[in-house]
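S.K.: Below is one structure. I have some questions about it.
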Amino acid sequence: MRHPPRSLLLAVAGAVALVGTALAPVVSASGATPACTVEYSVTGQWDTGFQGAVKITNNTAALSGWSLTFDFANGQKVTQGWSAKWSQSGTTVTTANESWNGSLGTGASVSAGFLGSWSGSNAVPTAFKLNGTTCNADAEPSPTPTEPPPGNGNAPALHVLGNKLVDADGKTRRLLGVNRSGGEFMCVQGYGIWDGPVDDAAIKAIADWKANAVRIPLNEECWLGLSNIKPEYAGANYINAVKDLVARVEAHGMTPVLELHWSYGQYTGNSAGCSDVHASCQKPMPDMQYSPSFWSSVASTFKSDPAAVFDLFNEPYPDRATSTTTQAWQCWKDGGNCPGISYEVAGMQDLVDAVRGTGAKNVIMAGGLAYSNDLSQWLTYRPTDPAGNLVAAYHVYNFNTCANESCWNSTLAPVAAQVPLVAGEVGENTCSHAFVDRVMKWFDDRNLSYLGWTWNTWDCSSGPSLITGFDGTPTAYGIGLRDHLRAINP
């Protein structure tokens, strides 16, 4: 779903959940503050790769340029980096400032991130030098987290069995709930991480509607901590905020659906949402530069949590850029240099491979063309999933092309006969719920899943928004979903 104007979003921006990984200033054995401190962390790790970050703090005179060096002990290699110029010679890694972040005043900090490869062991570097000066005197490096904190087990572990989603006991599960928008746009706009509160009371209000799933849209630049994102809303801060929200969702027995919503890549063609190269609007397809890295990191973070579901990309629309339907579906599956799209595209197969390359076996959702409203050739072009946990994702609003029972019968029913089908977004812009009532009936009759857009306090005609308050007070549109969920899940 495209979003309301920024002015409307800012009017409802609320509390921001931040869980940082910053350490207290390092002090030497003599009690003196070191000339510089470096916090090294591994924010995600999988079978052959990992994501790392460094935070450099200068405790001496201001610097007009900086260069940090450290050594890997186990043959690790930096493969890609951001927010700094990364290079490696043998075991020695060097990360130097970009033109825009070379100034480092007394007490100031700068952060940079990277992707790397490893084999056998991934020990944390033990010595760092900033412009030749040793940092972290008498300090121990931060530990390497290899797995996310365990959840409380309230949310069911899910996998695909035939055309159903089932739990560990083989019981069929439907995903019935809401979207919780905010994580895709607040950070890139520089205002926070979430739009409104995400504390326990706010998540309990969703559960009180008898929802059992919450879709959480994300932003790849914020997750990866790229340089255009404010540090307080980027990288480890963003990742930990997402992990914290996922834990709360699962604590109330609900399935978290983690979804890549906004991505990098400049597109100015037909139906462009913006001309910005950054992840500030919906692009026609994910990008090869960052999207596979995003999913490698997300998957490594949550691969030990079988309750978490991954939704690869919000609303693909390569059909608006290409000249033929065949080209659009080929672009959707295989990516590459797609007609009409100026950046290199990551296809759905690339993203499935990125997830599975970490060892993650979580359920994966993939939406079709026309903003996920067209599944007419989804079965023909569906990516190969070695884990066999692939789900078809569908979005429908009253203003879409495929928005009636005739189209659903002809294009959705054949897909739902072979794989699980989840309507990741359902909604209407009428401030009523007659259309969504029809959608829910069609999906209920076939024992399928659906999630209402969106659990945010926007105007119901421009959002559309389900609530007027984060205590769960519904809009005239949202009351239809609330009452229906309570009726079928008493």
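In the structure tokens, the first chain shown is A, the next is B, and so on; residue numbers restart at 1 for each chain, and ligands run from 1 in the order shown.
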Residues of segment 241-298 of chain A that approach segment 172-177 of chain A to 12 Å or less, counting only C-alpha atoms: could you list each one with the shortest pair of atoms and its distance in Å to one decimal, rows by chain and increasing residue number, as CSV?
M.R.:
residue,atom,partner,partner_atom,distance
A:Val249,CA,A:Gly177,CA,11.4
A:Gly253,CA,A:Leu175,CA,11.7
A:Met254,CA,A:Gly177,CA,8.6
A:Thr255,CA,A:Leu175,CA,7.5
A:Pro256,CA,A:Leu175,CA,9.8
A:Val257,CA,A:Leu175,CA,9.5
S.K.: At a cut-off of 12 Å, using only C-alpha atoms, what residues contact segment 401-407 of chain A? Leave out same-chain residues fewer than 5 positions from it and give the result as a PyMOL selection string.
M.R.: chain A and resi 369-376+394-396+412-414+426-428+435-443+445
S.K.: Which neighbours of Pro156 of chain A fall inside 10 Å, counting only C-alpha atoms, when residues of the same chain fewer than 3 positions from it are skipped, and could you give them as a VMD selection string?
M.R.: chain A and resid 153 159 166 to 169 173 212 250 253 to 255 305 to 308
S.K.: Check the DSSP output for the backbone and give back, as a PDB file with C-alpha atoms, in the first residue's frame, the residues of segment 52-219 of chain A in alpha helix (DSSP H).
M.R.:
ATOM      1  CA  MET A 186       9.835   6.848   9.881  1.00  0.00           C
ATOM      2  CA  CYS A 187      13.549   6.021   9.897  1.00  0.00           C
ATOM      3  CA  VAL A 188      14.293   7.105   6.321  1.00  0.00           C
ATOM      4  CA  GLN A 189      12.400  10.338   6.900  1.00  0.00           C
ATOM      5  CA  ASP A 200       3.328  -4.170  25.475  1.00  0.00           C
ATOM      6  CA  ALA A 201       0.035  -2.332  25.952  1.00  0.00           C
ATOM      7  CA  ALA A 202      -0.009  -1.309  22.282  1.00  0.00           C
ATOM      8  CA  ILE A 203       0.640  -4.870  21.103  1.00  0.00           C
ATOM      9  CA  LYS A 204      -1.918  -6.282  23.554  1.00  0.00           C
ATOM     10  CA  ALA A 205      -4.495  -3.969  21.939  1.00  0.00           C
ATOM     11  CA  ILE A 206      -3.885  -5.776  18.623  1.00  0.00           C
ATOM     12  CA  ALA A 207      -4.236  -9.161  20.301  1.00  0.00           C
TER      13      ALA A 207
END
S.K.: So which residues touch Ser119 of chain A within 10 Å, counting only C-alpha atoms, skipping near sequence neighbours fewer than 5 positions away, as a ChimeraX atom specification?
M.R.: /A:47-49,74-77
S.K.: Between atom CA of Phe310 of chain A and atom CA of Met288 of chain A, what distance in Å does the model show, to one decimal?
M.R.: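 Atom CA of Met288 of chain A lies 17.9 Å from atom CA of Phe310 of chain A.
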S.K.: Which residues are near Val38 of chain A? Cut-off 8 Å, only C-alpha atoms, ignore same chain within fewer than 5 positions. Put them as number ranges by chain.
M.R.: A: 54-57, 128, 135-136
S.K.: Which polymer residues have any atom within 8 Å of an atom of Ala476 of chain A, counting only C-alpha atoms, with same-chain residues fewer than 2 positions away left out, as an NGL selection string?
M.R.: :A and (431-433 or 460 or 474 or 478-480)
S.K.: Give me the segment 237-320 of chain A side of the contact with segment 80-96 of chain A, cut-off 10 Å, one line per residue showing its nearest atom pair and distance in Å at one decimal, counting only C-alpha atoms, sorted by chain and residue number, as a tab-separated table.
M.R.:
residue	atom	partner	partner_atom	distance
A:Gln289	CA	A:Gln80	CA	9.8
A:Tyr290	CA	A:Gln80	CA	9.9
A:Ser293	CA	A:Gln80	CA	9.4
S.K.: Convert the current residue selection to file output with C-alpha atoms, as a PDB file, in the first residue's frame.
M.R.:
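Output below, filename again-v5.pdb:
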ATOM      1  CA  GLN A 289      22.860  -3.910  -4.467  1.00  0.00           C
ATOM      2  CA  TYR A 290      21.264  -4.139  -1.030  1.00  0.00           C
ATOM      3  CA  SER A 293      22.157  -8.377   1.876  1.00  0.00           C
TER       4      SER A 293
END
S.K.: Within 12 Å of Ser227 of chain A, counting only C-alpha atoms, which residues qualify if same-chain residues fewer than 4 places away don't, as a VMD selection string?
M.R.: chain A and resid 81 to 85 97 to 101 110 to 113 188 221 to 223 231 to 235 278
S.K.: Looking at only C-alpha atoms, which of A:Gly357, A:Gly116, A:Gly162, A:Gly102 is the one that sits closest to Asn389 of chain A?
M.R.: A:Gly162
S.K.: With distances taken over only C-alpha atoms, which residue among A:Val178, A:Cys274, A:Cys331, A:Leu115 lies nearest Phe294 of chain A?
M.R.: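 Residue with the minimum atom-to-atom distance to Phe294 of chain A: A:Leu115.
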S.K.: Between A:Trp209, A:Phe313, A:Tyr381, A:Tyr267, single out the one closest to Leu485 of chain A, counting only C-alpha atoms.
M.R.: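 Once distances to Leu485 of chain A are computed over only C-alpha atoms, the minimum belongs to A:Trp209.
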S.K.: Using DSSP on the backbone, list every residue of segment 395-452 of chain A that comes out as strand (DSSP E or B), and give them as JSON, numbers by chain.
M.R.: {"A": [395, 396, 397, 421, 422, 423, 424, 425, 426, 427, 449, 450, 451, 452]}
S.K.: Generate the output file for the selected residues, N, CA and C atoms, as a PDB file, in the first residue's frame.
M.R.:
ATOM      1  N   HIS A 395      -2.340  -8.865  -2.472  1.00  0.00           N
ATOM      2  CA  HIS A 395      -2.885  -7.646  -1.893  1.00  0.00           C
ATOM      3  C   HIS A 395      -4.139  -7.249  -2.652  1.00  0.00           C
ATOM      4  N   VAL A 396      -5.136  -6.782  -1.919  1.00  0.00           N
ATOM      5  CA  VAL A 396      -6.355  -6.371  -2.609  1.00  0.00           C
ATOM      6  C   VAL A 396      -7.028  -5.207  -1.888  1.00  0.00           C
ATOM      7  N   TYR A 397      -7.367  -4.197  -2.681  1.00  0.00           N
ATOM      8  CA  TYR A 397      -8.145  -3.039  -2.242  1.00  0.00           C
ATOM      9  C   TYR A 397      -9.299  -2.848  -3.216  1.00  0.00           C
ATOM     10  N   LEU A 421      -2.019 -19.482   0.486  1.00  0.00           N
ATOM     11  CA  LEU A 421      -2.249 -18.142  -0.022  1.00  0.00           C
ATOM     12  C   LEU A 421      -2.555 -17.214   1.148  1.00  0.00           C
ATOM     13  N   VAL A 422      -1.793 -16.126   1.246  1.00  0.00           N
ATOM     14  CA  VAL A 422      -1.978 -15.136   2.305  1.00  0.00           C
ATOM     15  C   VAL A 422      -2.221 -13.782   1.663  1.00  0.00           C
ATOM     16  N   ALA A 423      -3.355 -13.165   1.969  1.00  0.00           N
ATOM     17  CA  ALA A 423      -3.598 -11.785   1.551  1.00  0.00           C
ATOM     18  C   ALA A 423      -2.901 -10.881   2.570  1.00  0.00           C
ATOM     19  N   GLY A 424      -1.667 -10.481   2.239  1.00  0.00           N
ATOM     20  CA  GLY A 424      -0.860  -9.706   3.174  1.00  0.00           C
ATOM     21  C   GLY A 424      -1.418  -8.325   3.458  1.00  0.00           C
ATOM     22  N   GLU A 425      -2.218  -7.788   2.524  1.00  0.00           N
ATOM     23  CA  GLU A 425      -2.904  -6.520   2.739  1.00  0.00           C
ATOM     24  C   GLU A 425      -4.301  -6.607   2.141  1.00  0.00           C
ATOM     25  N   VAL A 426      -5.308  -6.281   2.942  1.00  0.00           N
ATOM     26  CA  VAL A 426      -6.664  -6.089   2.440  1.00  0.00           C
ATOM     27  C   VAL A 426      -7.166  -4.767   2.999  1.00  0.00           C
ATOM     28  N   GLY A 427      -7.936  -4.036   2.197  1.00  0.00           N
ATOM     29  CA  GLY A 427      -8.429  -2.758   2.689  1.00  0.00           C
ATOM     30  C   GLY A 427      -9.294  -2.047   1.664  1.00  0.00           C
ATOM     31  N   SER A 449      -5.823 -16.993   4.502  1.00  0.00           N
ATOM     32  CA  SER A 449      -5.338 -15.993   5.453  1.00  0.00           C
ATOM     33  C   SER A 449      -5.471 -14.576   4.909  1.00  0.00           C
ATOM     34  N   TYR A 450      -5.612 -13.595   5.828  1.00  0.00           N
ATOM     35  CA  TYR A 450      -5.654 -12.183   5.410  1.00  0.00           C
ATOM     36  C   TYR A 450      -5.276 -11.270   6.577  1.00  0.00           C
ATOM     37  N   LEU A 451      -4.663 -10.139   6.215  1.00  0.00           N
ATOM     38  CA  LEU A 451      -4.185  -9.146   7.181  1.00  0.00           C
ATOM     39  C   LEU A 451      -4.665  -7.768   6.750  1.00  0.00           C
ATOM     40  N   GLY A 452      -5.344  -7.060   7.644  1.00  0.00           N
ATOM     41  CA  GLY A 452      -5.883  -5.741   7.317  1.00  0.00           C
ATOM     42  C   GLY A 452      -4.821  -4.656   7.337  1.00  0.00           C
TER      43      GLY A 452
END
S.K.: Please determine, counting only C-alpha atoms, which residue among A:Gly183, A:Ser67, A:Gln327, A:Ser304 has the shortest atom-to-atom distance to Gly132 of chain A.
M.R.: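 Closest to Gly132 of chain A of all the choices is A:Ser67.
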S.K.: Which residue gives the smallest distance to Ala366 of chain A among A:Asn228, A:Thr473, A:Thr79, A:Asn314, with only C-alpha atoms counted?
M.R.: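 The answer is A:Asn314, which sits nearest to Ala366 of chain A.
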